[in-house]
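> Below you'll find entry-v4.cif; it's mmCIF, C-alpha atoms and all ligand atoms.
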data_model
loop_
_atom_site.label_atom_id
_atom_site.label_comp_id
_atom_site.auth_asym_id
_atom_site.auth_seq_id
_atom_site.Cartn_x
_atom_site.Cartn_y
_atom_site.Cartn_z
CA MET A 1 69.87 11.65 -54.45
CA GLY A 2 72.47 13.22 -52.17
CA LEU A 3 72.44 16.97 -52.12
CA GLU A 4 70.09 17.29 -55.08
CA TYR A 5 66.89 17.89 -53.18
CA VAL A 6 68.24 20.44 -50.73
CA LYS A 7 70.44 22.51 -53.02
CA ILE A 8 69.44 26.11 -53.61
CA SER A 9 68.61 27.38 -57.10
CA PRO A 10 71.18 29.88 -58.38
CA GLY A 11 70.37 33.45 -57.37
CA PHE A 12 68.18 32.50 -54.42
CA GLU A 13 70.89 32.00 -51.83
CA LYS A 14 70.59 35.48 -50.40
CA TYR A 15 66.86 35.03 -49.72
CA MET A 16 67.21 31.74 -47.89
CA PRO A 17 67.34 31.60 -44.07
CA ARG A 18 70.79 31.14 -42.61
CA ASP A 19 69.91 27.74 -41.17
CA TYR A 20 69.03 26.47 -44.61
CA VAL A 21 72.16 27.79 -46.24
CA ASP A 22 74.21 26.25 -43.43
CA LEU A 23 72.49 22.93 -44.02
CA VAL A 24 73.46 22.90 -47.67
CA LYS A 25 77.03 24.02 -47.02
CA PHE A 26 77.82 22.23 -43.77
CA GLY A 27 75.13 19.54 -43.46
CA PRO A 28 75.68 15.79 -43.59
CA PHE A 29 73.97 15.05 -46.92
CA GLY A 30 76.03 12.92 -49.23
CA LYS A 31 78.81 12.55 -46.65
CA LYS A 32 79.27 10.12 -43.83
CA VAL A 33 79.19 11.82 -40.44
CA ASP A 34 80.00 10.24 -37.14
CA VAL A 35 78.63 11.21 -33.72
CA MET A 36 82.14 12.14 -32.68
CA GLN A 37 81.96 14.98 -35.23
CA LEU A 38 78.93 16.55 -33.49
CA GLY A 39 79.41 20.25 -32.97
CA GLN A 40 81.42 20.48 -36.18
CA PHE A 41 78.75 20.09 -38.85
CA LYS A 42 75.24 21.43 -39.32
CA GLU A 43 72.83 18.91 -37.83
CA LEU A 44 69.72 17.69 -39.62
CA VAL A 45 67.44 18.58 -36.74
CA GLU A 46 66.77 22.24 -36.13
CA ASP A 47 65.59 24.31 -33.13
CA HIS A 48 62.39 22.86 -31.66
CA PRO A 49 60.02 23.49 -28.76
CA MET A 50 60.76 20.42 -26.61
CA CYS A 51 61.46 21.26 -22.95
CA ALA A 52 64.86 22.29 -21.60
CA GLY A 53 66.93 19.24 -20.73
CA CYS A 54 64.56 16.79 -22.43
CA TYR A 55 66.45 13.57 -23.09
CA MET A 56 63.91 12.48 -25.64
CA ALA A 57 65.10 15.50 -27.61
CA TYR A 58 68.67 14.36 -26.99
CA PHE A 59 67.99 10.85 -28.25
CA ILE A 60 66.40 12.30 -31.40
CA ARG A 61 69.44 14.52 -31.94
CA ILE A 62 71.71 11.46 -31.91
CA PHE A 63 69.23 9.48 -34.02
CA TYR A 64 69.49 11.98 -36.89
CA THR A 65 73.27 11.88 -36.76
CA ALA A 66 73.20 8.09 -36.96
CA LEU A 67 71.00 7.66 -40.04
CA PRO A 68 72.87 5.54 -42.58
CA ASN A 69 71.30 7.41 -45.48
CA PRO A 70 69.32 10.51 -44.46
CA GLU A 71 68.51 11.53 -48.03
CA ASP A 72 66.61 8.28 -48.54
CA THR A 73 64.89 8.08 -45.17
CA ILE A 74 61.31 8.85 -44.17
CA VAL A 75 60.44 9.27 -40.50
CA ILE A 76 56.92 8.56 -39.23
CA GLY A 77 55.76 10.05 -35.96
CA THR A 78 52.52 10.89 -34.27
CA ALA A 79 50.96 12.86 -31.42
CA GLY A 80 53.30 12.98 -28.44
CA CYS A 81 56.38 14.99 -27.60
CA ALA A 82 58.79 13.43 -30.13
CA ARG A 83 57.05 14.89 -33.17
CA LEU A 84 57.83 18.39 -31.88
CA SER A 85 61.40 17.89 -33.04
CA LEU A 86 60.88 15.17 -35.67
CA SER A 87 58.90 17.75 -37.63
CA GLN A 88 61.84 20.20 -37.44
CA ALA A 89 64.37 18.06 -39.28
CA ALA A 90 65.58 18.10 -42.86
CA VAL A 91 64.35 14.55 -43.37
CA PRO A 92 60.85 13.89 -44.73
CA PHE A 93 58.40 13.44 -41.88
CA VAL A 94 54.94 11.90 -41.99
CA TYR A 95 52.51 12.51 -39.14
CA GLY A 96 50.53 9.30 -38.63
CA ASN A 97 47.34 9.44 -36.59
CA TYR A 98 47.90 8.51 -32.98
CA GLY A 99 48.12 4.72 -32.84
CA ASP A 100 48.39 4.32 -36.61
CA THR A 101 52.11 4.82 -37.12
CA ASN A 102 53.00 1.21 -37.85
CA ALA A 103 50.13 0.77 -40.28
CA VAL A 104 51.15 3.94 -42.15
CA ALA A 105 54.76 2.81 -42.17
CA SER A 106 53.81 -0.63 -43.52
CA GLY A 107 51.99 0.84 -46.50
CA LEU A 108 54.64 3.42 -47.15
CA LYS A 109 57.51 0.93 -47.03
CA ARG A 110 55.73 -1.43 -49.41
CA ALA A 111 54.91 1.38 -51.83
CA LEU A 112 58.50 2.63 -51.76
CA SER A 113 59.89 -0.81 -52.56
CA ILE A 114 57.60 -1.03 -55.59
CA ARG A 115 58.36 2.51 -56.76
CA PHE A 116 62.15 2.28 -56.14
CA PRO A 117 63.01 -1.39 -56.58
CA ASP A 118 66.69 -0.62 -57.11
CA LYS A 119 67.43 1.33 -53.94
CA HIS A 120 66.87 1.24 -50.20
CA LYS A 121 64.36 3.70 -48.79
CA ASP A 122 64.53 3.51 -45.03
CA VAL A 123 61.31 3.96 -43.07
CA VAL A 124 61.57 4.61 -39.34
CA VAL A 125 58.75 5.06 -36.85
CA ILE A 126 59.56 7.09 -33.75
CA ALA A 127 56.73 7.35 -31.25
CA GLY A 128 56.05 7.33 -27.54
CA ASP A 129 55.20 4.56 -25.15
CA GLY A 130 51.54 5.57 -25.28
CA GLY A 131 51.53 5.72 -29.05
CA LEU A 132 53.17 2.35 -29.63
CA ILE A 133 52.44 0.08 -26.70
CA ASP A 134 49.06 1.39 -25.46
CA ILE A 135 46.86 3.02 -28.04
CA GLY A 136 48.84 1.77 -31.06
CA PHE A 137 49.44 -1.69 -29.62
CA GLY A 138 47.43 -3.61 -32.23
CA MET A 139 48.99 -1.85 -35.21
CA THR A 140 52.48 -2.18 -33.76
CA MET A 141 52.08 -5.91 -33.14
CA HIS A 142 50.52 -6.65 -36.49
CA SER A 143 53.27 -4.86 -38.40
CA TRP A 144 55.69 -7.17 -36.60
CA PHE A 145 53.58 -10.30 -37.20
CA ARG A 146 53.53 -9.40 -40.89
CA LYS A 147 57.33 -8.98 -40.89
CA GLU A 148 57.20 -5.48 -42.35
CA LYS A 149 60.68 -4.24 -43.20
CA PHE A 150 61.02 -1.04 -41.19
CA THR A 151 62.37 0.11 -37.83
CA THR A 152 60.23 1.04 -34.84
CA ILE A 153 61.76 3.15 -32.10
CA MET A 154 59.87 3.65 -28.87
CA VAL A 155 60.97 6.78 -27.02
CA ASP A 156 59.82 5.65 -23.60
CA ASN A 157 59.35 8.44 -21.06
CA GLU A 158 57.06 6.17 -19.03
CA VAL A 159 54.14 8.58 -19.20
CA TYR A 160 51.83 10.42 -21.56
CA GLY A 161 54.05 13.49 -21.46
CA ASN A 162 52.39 15.56 -24.12
CA THR A 163 48.96 15.44 -22.48
CA GLY A 164 50.06 16.14 -18.94
CA GLY A 165 50.95 13.00 -17.05
CA GLN A 166 48.65 10.01 -17.50
CA GLU A 167 50.15 6.59 -16.73
CA SER A 168 51.01 4.27 -19.62
CA GLY A 169 51.64 0.56 -19.87
CA MET A 170 55.33 1.48 -19.71
CA SER A 171 55.13 3.43 -16.43
CA PRO A 172 56.81 1.46 -13.65
CA LYS A 173 54.59 -0.24 -11.05
CA GLY A 174 53.78 1.96 -8.10
CA VAL A 175 54.71 5.24 -9.71
CA GLN A 176 52.46 8.20 -8.92
CA LEU A 177 51.78 10.62 -11.72
CA LYS A 178 49.68 13.77 -11.87
CA MET A 179 46.77 11.96 -13.41
CA ALA A 180 47.47 8.60 -11.77
CA PRO A 181 47.43 9.75 -8.15
CA LEU A 182 46.82 6.32 -6.62
CA GLY A 183 49.96 4.88 -8.15
CA LYS A 184 50.23 2.44 -11.02
CA LYS A 185 48.94 -1.00 -10.15
CA PHE A 186 50.58 -3.11 -12.89
CA ASP A 187 54.09 -3.90 -14.01
CA LYS A 188 55.91 -2.11 -16.79
CA ILE A 189 55.34 -4.01 -20.04
CA ASN A 190 58.33 -5.99 -21.29
CA ALA A 191 58.44 -4.46 -24.75
CA VAL A 192 61.62 -6.05 -26.07
CA GLU A 193 60.46 -9.57 -25.25
CA LEU A 194 57.12 -8.85 -26.93
CA ALA A 195 58.99 -7.63 -30.00
CA LYS A 196 61.05 -10.83 -30.15
CA VAL A 197 58.01 -13.05 -29.84
CA ALA A 198 56.11 -11.02 -32.43
CA GLY A 199 58.81 -11.50 -35.06
CA CYS A 200 61.32 -8.66 -34.88
CA VAL A 201 64.70 -9.74 -36.22
CA TYR A 202 66.69 -7.19 -34.20
CA VAL A 203 65.74 -5.68 -30.84
CA ALA A 204 67.64 -3.42 -28.46
CA ARG A 205 66.99 -1.64 -25.20
CA LEU A 206 69.09 1.29 -24.08
CA SER A 207 69.40 4.32 -21.89
CA PRO A 208 70.91 7.37 -23.63
CA THR A 209 74.23 7.47 -21.81
CA ASN A 210 76.56 6.70 -24.69
CA PRO A 211 76.11 8.52 -28.00
CA LYS A 212 78.36 6.16 -29.94
CA ARG A 213 76.36 3.18 -28.82
CA ILE A 214 73.02 4.86 -29.57
CA ALA A 215 74.27 5.58 -33.08
CA LYS A 216 75.50 2.05 -33.60
CA THR A 217 72.20 0.61 -32.41
CA VAL A 218 70.14 2.90 -34.66
CA ARG A 219 72.30 2.04 -37.66
CA ARG A 220 72.12 -1.67 -37.02
CA ALA A 221 68.34 -1.58 -36.62
CA ILE A 222 67.90 0.33 -39.89
CA LEU A 223 70.32 -1.80 -41.91
CA ALA A 224 68.81 -5.05 -40.63
CA ALA A 225 65.28 -3.86 -41.46
CA ARG A 226 66.27 -3.31 -45.10
CA HIS A 227 66.83 -7.00 -45.71
CA PHE A 228 65.33 -9.14 -42.99
CA GLY A 229 62.21 -7.75 -41.34
CA PRO A 230 60.98 -5.58 -38.47
CA THR A 231 63.45 -4.15 -35.99
CA PHE A 232 62.79 -2.46 -32.66
CA ILE A 233 64.62 -0.16 -30.28
CA HIS A 234 63.28 0.56 -26.81
CA ALA A 235 64.96 3.76 -25.62
CA TYR A 236 64.56 5.23 -22.17
CA THR A 237 64.09 8.95 -22.73
CA SER A 238 63.11 10.58 -19.46
CA CYS A 239 60.46 13.25 -19.10
CA ASN A 240 62.01 15.66 -16.62
CA ILE A 241 58.73 17.59 -16.39
CA GLU A 242 56.37 14.76 -15.42
CA TYR A 243 58.95 12.93 -13.30
CA SER A 244 60.24 16.15 -11.66
CA ILE A 245 63.89 15.48 -12.48
CA PRO A 246 65.99 18.66 -12.09
CA THR A 247 67.37 19.24 -15.58
CA ARG A 248 70.97 19.18 -14.37
CA GLU A 249 70.32 15.61 -13.13
CA VAL A 250 68.83 14.25 -16.36
CA LEU A 251 71.98 12.47 -17.54
CA ALA A 252 72.65 11.23 -14.00
CA ASP A 253 69.15 9.73 -14.02
CA ALA A 254 69.78 8.04 -17.38
CA ARG A 255 73.03 6.56 -16.00
CA ASN A 256 71.24 5.42 -12.91
CA ARG A 257 68.46 3.69 -14.83
CA GLU A 258 71.07 2.02 -17.01
CA LYS A 259 72.39 0.30 -13.90
CA LYS A 260 68.90 -0.96 -13.06
CA ASP A 261 66.18 -1.83 -15.56
CA PHE A 262 67.66 -0.19 -18.67
CA LYS A 263 70.89 -2.13 -18.95
CA PHE A 264 71.99 -2.19 -22.58
CA TYR A 265 70.49 -5.22 -24.27
CA GLU A 266 70.74 -6.32 -27.87
CA TRP A 267 69.38 -9.41 -29.57
CA MET A 268 69.28 -10.41 -33.24
CA THR A 269 68.71 -13.47 -35.37
CA ASP A 270 71.74 -15.42 -36.58
CA GLU A 271 71.36 -14.22 -40.16
CA VAL A 272 71.17 -10.58 -39.03
CA LYS A 273 74.26 -11.12 -36.93
CA GLU A 274 76.18 -12.56 -39.84
CA PHE A 275 75.02 -9.72 -42.12
CA LEU A 276 75.95 -6.94 -39.67
CA GLU A 277 79.34 -8.45 -38.94
CA GLU A 278 80.07 -8.43 -42.66
CA VAL A 279 78.86 -4.82 -43.13
CA GLU A 280 80.85 -3.58 -40.16
CA ARG A 281 83.96 -5.48 -41.21
CA LYS A 282 83.82 -3.79 -44.61
CA GLU A 283 83.32 -0.40 -42.99
CA ARG A 284 86.37 -0.88 -40.81
CA GLU A 285 88.40 -1.82 -43.87
CA GLU A 286 87.22 1.30 -45.69
CA VAL A 287 88.30 3.49 -42.78
CA LYS A 288 91.76 1.89 -42.84
CA ARG A 289 92.12 2.63 -46.52
CA MET B 1 67.62 38.20 -20.03
CA TYR B 2 68.36 34.54 -20.66
CA PHE B 3 70.12 31.98 -18.52
CA VAL B 4 72.62 30.22 -20.77
CA ALA B 5 75.76 28.14 -20.57
CA ASP B 6 79.10 29.69 -21.37
CA VAL B 7 82.35 27.82 -21.93
CA LYS B 8 85.53 29.27 -20.47
CA GLU B 9 87.27 28.61 -23.72
CA ASN B 10 90.86 29.09 -22.52
CA GLU B 11 90.28 26.57 -19.77
CA CYS B 12 88.48 24.10 -22.02
CA ALA B 13 91.22 24.23 -24.64
CA LYS B 14 93.64 22.62 -22.18
CA TYR B 15 91.77 19.36 -22.44
CA ASN B 16 91.31 17.41 -25.60
CA CYS B 17 87.70 16.92 -24.68
CA LYS B 18 84.27 17.53 -26.35
CA GLN B 19 82.18 15.56 -23.92
CA CYS B 20 79.61 18.29 -23.21
CA VAL B 21 79.07 18.69 -26.97
CA LEU B 22 78.09 15.03 -27.14
CA PHE B 23 75.50 15.24 -24.35
CA CYS B 24 73.68 18.55 -24.93
CA PRO B 25 70.07 17.85 -25.92
CA GLU B 26 69.86 20.76 -28.35
CA PRO B 27 71.15 20.57 -31.93
CA ASN B 28 74.13 22.77 -32.84
CA CYS B 29 73.95 24.48 -29.48
CA LEU B 30 77.22 23.31 -27.99
CA ASN B 31 79.74 23.34 -30.81
CA PHE B 32 83.42 22.64 -31.13
CA LYS B 33 86.06 24.81 -32.72
CA ALA B 34 89.03 22.76 -33.91
CA SER B 35 91.21 25.88 -34.40
CA THR B 36 91.09 26.68 -30.66
CA ASN B 37 90.44 23.11 -29.47
CA SER B 38 87.51 24.36 -27.45
CA ALA B 39 83.76 23.93 -27.06
CA TRP B 40 81.56 27.03 -27.43
CA VAL B 41 77.89 27.75 -26.87
CA TRP B 42 75.58 29.27 -29.47
CA TYR B 43 73.59 31.28 -26.91
CA ASP B 44 70.45 31.59 -29.07
CA LYS B 45 69.98 27.83 -29.00
CA CYS B 46 70.72 27.20 -25.33
CA LYS B 47 67.78 26.37 -23.06
CA GLY B 48 69.75 26.58 -19.83
CA CYS B 49 69.33 22.96 -18.72
CA GLU B 50 72.85 22.70 -17.21
CA ILE B 51 73.45 19.17 -18.47
CA CYS B 52 76.78 20.45 -19.83
CA VAL B 53 77.66 21.71 -16.35
CA TYR B 54 76.89 18.28 -14.97
CA VAL B 55 79.18 16.72 -17.57
CA CYS B 56 82.07 19.15 -17.18
CA SER B 57 81.94 19.81 -13.42
CA ASP B 58 80.22 16.84 -11.79
CA LEU B 59 81.49 14.03 -14.03
CA LEU B 60 84.82 15.32 -15.30
CA LYS B 61 85.71 17.77 -12.49
CA ARG B 62 86.98 20.28 -15.05
CA ASN B 63 84.69 23.22 -14.28
CA CYS B 64 84.97 24.84 -17.70
CA VAL B 65 81.29 25.65 -18.19
CA GLU B 66 79.42 28.26 -16.18
CA MET B 67 75.88 29.54 -16.36
CA VAL B 68 75.50 33.24 -17.13
CA MET B 69 72.73 35.75 -17.72
CA VAL B 70 72.84 37.36 -21.12
CA THR B 71 70.72 40.07 -22.67
CA PRO B 72 69.25 39.42 -26.14
CA LYS B 73 71.81 41.81 -27.63
CA ALA B 74 74.70 39.77 -26.30
CA THR B 75 73.28 36.69 -27.98
CA ALA B 76 74.47 38.09 -31.30
CA LYS B 77 77.81 36.41 -30.54
CA SER B 78 76.96 33.57 -32.92
C1 LIG C 1 43.49 8.81 -31.32
C2 LIG C 1 44.02 9.79 -30.33
N1 LIG C 1 43.82 9.60 -29.01
C3 LIG C 1 44.31 10.48 -28.12
C4 LIG C 1 45.04 11.56 -28.53
C5 LIG C 1 45.55 12.54 -27.52
N2 LIG C 1 46.96 12.41 -27.26
C6 LIG C 1 47.87 13.19 -27.84
S1 LIG C 1 49.44 12.91 -27.31
C7 LIG C 1 48.88 11.70 -26.25
C8 LIG C 1 49.81 10.97 -25.31
C9 LIG C 1 51.20 10.91 -25.73
O1 LIG C 1 51.89 9.97 -24.95
P1 LIG C 1 53.08 9.16 -25.58
O2 LIG C 1 52.64 8.47 -26.80
O3 LIG C 1 53.68 8.33 -24.50
O4 LIG C 1 54.09 10.32 -26.03
P2 LIG C 1 54.86 11.37 -25.10
O5 LIG C 1 54.14 12.66 -25.23
O6 LIG C 1 54.91 10.85 -23.73
O7 LIG C 1 56.20 11.44 -25.72
C10 LIG C 1 47.51 11.54 -26.35
C11 LIG C 1 46.72 10.59 -25.54
C12 LIG C 1 45.23 11.74 -29.92
N3 LIG C 1 45.96 12.77 -30.40
N4 LIG C 1 44.71 10.86 -30.80
S1 LIG C 2 56.94 17.10 -21.54
FE1 LIG C 2 58.60 15.68 -20.97
S2 LIG C 2 58.98 14.36 -22.78
FE2 LIG C 2 57.75 16.15 -23.43
S3 LIG C 2 59.27 17.64 -24.20
FE3 LIG C 2 58.87 18.11 -22.03
S4 LIG C 2 60.45 16.95 -20.87
FE4 LIG C 2 60.37 16.10 -22.96
S1 LIG C 3 83.15 19.06 -20.97
FE1 LIG C 3 84.29 20.85 -20.25
S2 LIG C 3 86.42 20.47 -20.87
FE2 LIG C 3 85.10 19.04 -22.01
S3 LIG C 3 84.70 20.11 -23.96
FE3 LIG C 3 83.02 20.60 -22.56
S4 LIG C 3 83.64 22.53 -21.59
FE4 LIG C 3 85.47 21.63 -22.51
S1 LIG C 4 72.66 24.46 -20.74
FE1 LIG C 4 71.72 22.68 -21.77
S2 LIG C 4 71.06 23.50 -23.75
FE2 LIG C 4 72.54 24.95 -22.91
S3 LIG C 4 74.53 24.33 -23.75
FE3 LIG C 4 74.32 23.33 -21.76
S4 LIG C 4 73.48 21.31 -22.24
FE4 LIG C 4 73.11 22.60 -24.03
MG MG C 5 55.32 8.82 -23.33
#
What is this structure when it is put down as structure tokens?


Amino acid sequence: MGLEYVKISPGFEKYMPRDYVDLVKFGPFGKKVDVMQLGQFKELVEDHPMCAGCYMAYFIRIFYTALPNPEDTIVIGTAGCARLSLSQAAVPFVYGNYGDTNAVASGLKRALSIRFPDKHKDVVVIAGDGGLIDIGFGMTMHSWFRKEKFTTIMVDNEVYGNTGGQESGMSPKGVQLKMAPLGKKFDKINAVELAKVAGCVYVARLSPTNPKRIAKTVRRAILAARHFGPTFIHAYTSCNIEYSIPTREVLADARNREKKDFKFYEWMTDEVKEFLEEVERKEREEVKR
Amino acid sequence: MYFVADVKENECAKYNCKQCVLFCPEPNCLNFKASTNSAWVWYDKCKGCEICVYVCSDLLKRNCVEMVMVTPKATAKS
């Protein structure tokens, strides 16, 4: 599809907002962009109301740059902070009810493979820790048990950020939050191990300290989901508001957590490994040419 | 008045860098001009978080980004 669905009808250019015109002229559609080119092309995600210094917003910025094929991607989100920017991107966005994202994505992905049997339509769920591992737990797990071929990304800020600071299953043990004043009594859920057991063919855990690696992980998860089954990324994306992190320290905090419980971790089945090695080998050859 | 980041472009151009551009949370806010080899801030998009200052001053010790107060009129720079 490439540029077809964004291009402006002749004569209308002067009435279109500047951001839109920029997107058509300098956006990434139909080209391959790399994170290292950030700041030199018009990004898919636009101004949004997420808080200053929010690293969930940062992760989402890198996510859109990493999409292997933005013109054939549909993003599913839900209530929670992430949708505030997911809904501001030039990639189709579906708002699933809170907790329902992975059921919506399952149906959508199946319908797309029937309607477009000859091409890949990538479906990606991006939702919070509350949305995926608490309230949406059943739907998330069952999409994995059923081996649905789409990617789930949990943007884990370890709290219900959007509703003012309730604890989630992903909040660390002992942490005190505005609406959990006694401190959390249970351990943080081990989401990546759950994903492996439930049938994901590729899982990764990361802290957003390295844009190239985030992009590579997102790409791998999406490409593997096309052919083999469910894939999952657990991304630490701090909430500087609920965790009172001075915004200037947000990246320092991400680096710090990476040294502790958010060390980069990647696991995939043997067939996914073989497939990705082949894809990446071909890509390297193309670059050389 | 807004509190925004501002790149000292002549200073920045000395380094073949771009690191702050890669870590700003906002899209198309910190940009890079190849012709001058320098980062620059689109003031209208900056939320004043200072992550770029952390990158340039605290991590890289280059001190090429400073925080400044601008009036809405001055934001027309972009
Ligand atoms: C079925 C349902 N229950 C509750 C809510 C209220 N609600 C909206 S956002 C939210 C919490 C969001 O937390 P999380 O999913 O972790 O996302 P975050 O805002 O932290 O990114 C809740 C409980 C809702 N919208 N729908
Ligand atoms: S409340 Fe927290 S997670 Fe939500 S936008 Fe603000 S900083 Fe980000
Ligand atoms: S981090 Fe500093 S030196 Fe590097 S591009 Fe940004 S302003 Fe320039
Ligand atoms: S202050 Fe924050 S939003 Fe503004 S340019 Fe720096 S990193 Fe980006
Ligand atoms: Mg959350």

> Please, which residues have at least one atom within 7 Å of an atom of ligand LIG 4 (chain C), using only C-alpha atoms and all ligand atoms, listed as JSON, numbers by chain?

{"A": [52, 53], "B": [4, 5, 20, 23, 24, 25, 26, 29, 30, 41, 45, 46, 47, 48, 49, 50, 51, 52, 53]}

> Return the neighbours of chain B among the residues of chain A, cut-off 6 Å, counting all atoms listed in the file, as an MDAnalysis selection string.

chainID A and resid 39:40 52:53 57:58 247:248

> Next, dump the selected residues to file, keeping only C-alpha atoms, as a PDB file, in the frame of the given file.


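For reference, selection-v5.pdb as written:
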ATOM      1  CA  GLY A  39      79.410  20.250 -32.970  1.00  0.00           C
ATOM      2  CA  GLN A  40      81.420  20.480 -36.180  1.00  0.00           C
ATOM      3  CA  ALA A  52      64.860  22.290 -21.600  1.00  0.00           C
ATOM      4  CA  GLY A  53      66.930  19.240 -20.730  1.00  0.00           C
ATOM      5  CA  ALA A  57      65.100  15.500 -27.610  1.00  0.00           C
ATOM      6  CA  TYR A  58      68.670  14.360 -26.990  1.00  0.00           C
ATOM      7  CA  THR A 247      67.370  19.240 -15.580  1.00  0.00           C
ATOM      8  CA  ARG A 248      70.970  19.180 -14.370  1.00  0.00           C
TER       9      ARG A 248
END

> So what do you get for CA of Val124 (chain A) versus CA of Thr163 (chain A), distance-wise?

23.7 Å

> Distance table requested - chain A against ligand LIG 1 (chain C), cut-off 9 Å, all atoms listed in the file: one row per qualifying residue with the closest atom pair and its distance in Å to one decimal, ordered by chain and rising residue number, as a tab-separated table.


residue	atom	partner	partner_atom	distance
A:Met56	CA	C:LIG1	O7	7.8
A:Thr78	CA	C:LIG1	N3	7.8
A:Ala79	CA	C:LIG1	S1	4.4
A:Gly80	CA	C:LIG1	O5	3.3
A:Cys81	CA	C:LIG1	O5	4.0
A:Ala82	CA	C:LIG1	O7	5.5
A:Arg83	CA	C:LIG1	O7	8.3
A:Asn97	CA	C:LIG1	N4	6.5
A:Tyr98	CA	C:LIG1	N4	4.5
A:Gly99	CA	C:LIG1	C1	6.4
A:Asp100	CA	C:LIG1	C1	8.5
A:Ala127	CA	C:LIG1	O2	6.1
A:Gly128	CA	C:LIG1	O2	3.7
A:Asp129	CA	C:LIG1	O3	4.1
A:Gly130	CA	C:LIG1	O2	3.5
A:Gly131	CA	C:LIG1	O2	3.7
A:Leu132	CA	C:LIG1	O2	6.8
A:Ile133	CA	C:LIG1	O2	8.4
A:Asp134	CA	C:LIG1	O2	8.0
A:Ile135	CA	C:LIG1	N1	7.3
A:Gly136	CA	C:LIG1	O2	8.8
A:Met154	CA	C:LIG1	O3	8.9
A:Val155	CA	C:LIG1	O7	6.8
A:Asp156	CA	C:LIG1	O3	6.8
A:Asn157	CA	C:LIG1	O6	5.7
A:Glu158	CA	C:LIG1	O3	6.8
A:Val159	CA	C:LIG1	O6	5.1
A:Tyr160	CA	C:LIG1	O1	3.4
A:Gly161	CA	C:LIG1	O6	3.6
A:Asn162	CA	C:LIG1	O5	3.6
A:Thr163	CA	C:LIG1	C7	5.3
A:Gly164	CA	C:LIG1	C8	8.2
A:Gly165	CA	C:LIG1	O6	8.1
A:Gln166	CA	C:LIG1	C8	8.0
A:Glu167	CA	C:LIG1	O3	8.7
A:Ser168	CA	C:LIG1	O3	6.9
A:Met170	CA	C:LIG1	O3	8.5
A:Thr237	CA	C:LIG1	O7	8.8
A:Cys239	CA	C:LIG1	O6	7.6

> Show which residues sit within 8 Å of Asn37 (chain B), as a list in words. Count only C-alpha atoms, and ignore same-chain residues fewer than 6 positions away.

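Result of the neighbour search: Cys12, Ala13, Lys14 and Asn16 of chain B.
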
> Separation of CA of Ala66 (chain A) and CA of Glu280 (chain A), in Å?

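So the two atoms, CA of Ala66 (chain A) and CA of Glu280 (chain A), lie 14.3 Å apart.
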
> So which one's closest to ligand LIG 3 (chain C), B:Tyr43, B:Lys61, B:Val70, B:Cys17? Using all atoms listed in the file, please.

B:Cys17

> Looking at A:Ala252, A:Ala215, A:Cys200, A:Ile126, which one is nearest to ligand MG 5 (chain C), with distances taken over all atoms listed in the file?

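Under the stated criterion, the closest residue is A:Ile126.
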
> Quick one, how far is CA of Phe41 (chain A) from CA of Pro28 (chain A)?

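Taking CA of Phe41 (chain A) and CA of Pro28 (chain A), their separation equals 7.1 Å.
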
> Considering all atoms listed in the file, can you say which of A:Met16, A:Pro49, A:Arg220, A:Leu38 comes closest to ligand LIG 3 (chain C)?

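Checking each candidate against ligand LIG 3 (chain C), we get A:Leu38 as the closest.
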
> Would you kindly return, as a list in words, each protein, DNA or RNA residue with an atom no farther than 7 Å from any atom of Met1 (chain B), considering only C-alpha atoms and excluding same-chain residues fewer than 4 positions away?

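Here the answer would be Met69, Val70, Thr71 and Pro72 of chain B.
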
> Between A:Val250, A:Val91, A:Ile8, A:Ala224, which residue has the minimum interatomic distance to ligand LIG 2 (chain C), considering only C-alpha atoms and all ligand atoms?

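Closest to ligand LIG 2 (chain C) of all the choices is A:Val250.
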
> Compare A:Leu84, A:Ile222, A:Thr152, A:Pro211 by their minimum atom-to-atom distance to Met36 (chain A), counting all atoms listed in the file, and give me the closest one.

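With all atoms listed in the file as the atom set, the closest residue is A:Pro211.
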
> Smallest atom-to-atom distance to ligand LIG 3 (chain C): which of B:Trp42, B:Cys56, B:Glu11, B:Tyr2, using only C-alpha atoms and all ligand atoms?

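For ligand LIG 3 (chain C), the nearest of the candidates is B:Cys56.
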
> For region 111-118 of chain A, find every residue with an atom within 12 Å (counting only C-alpha atoms), except residues of its own chain fewer than 5 positions away, and show them as a ChimeraX atom specification.

/A:72-74,104-106,123,148-150,226-227
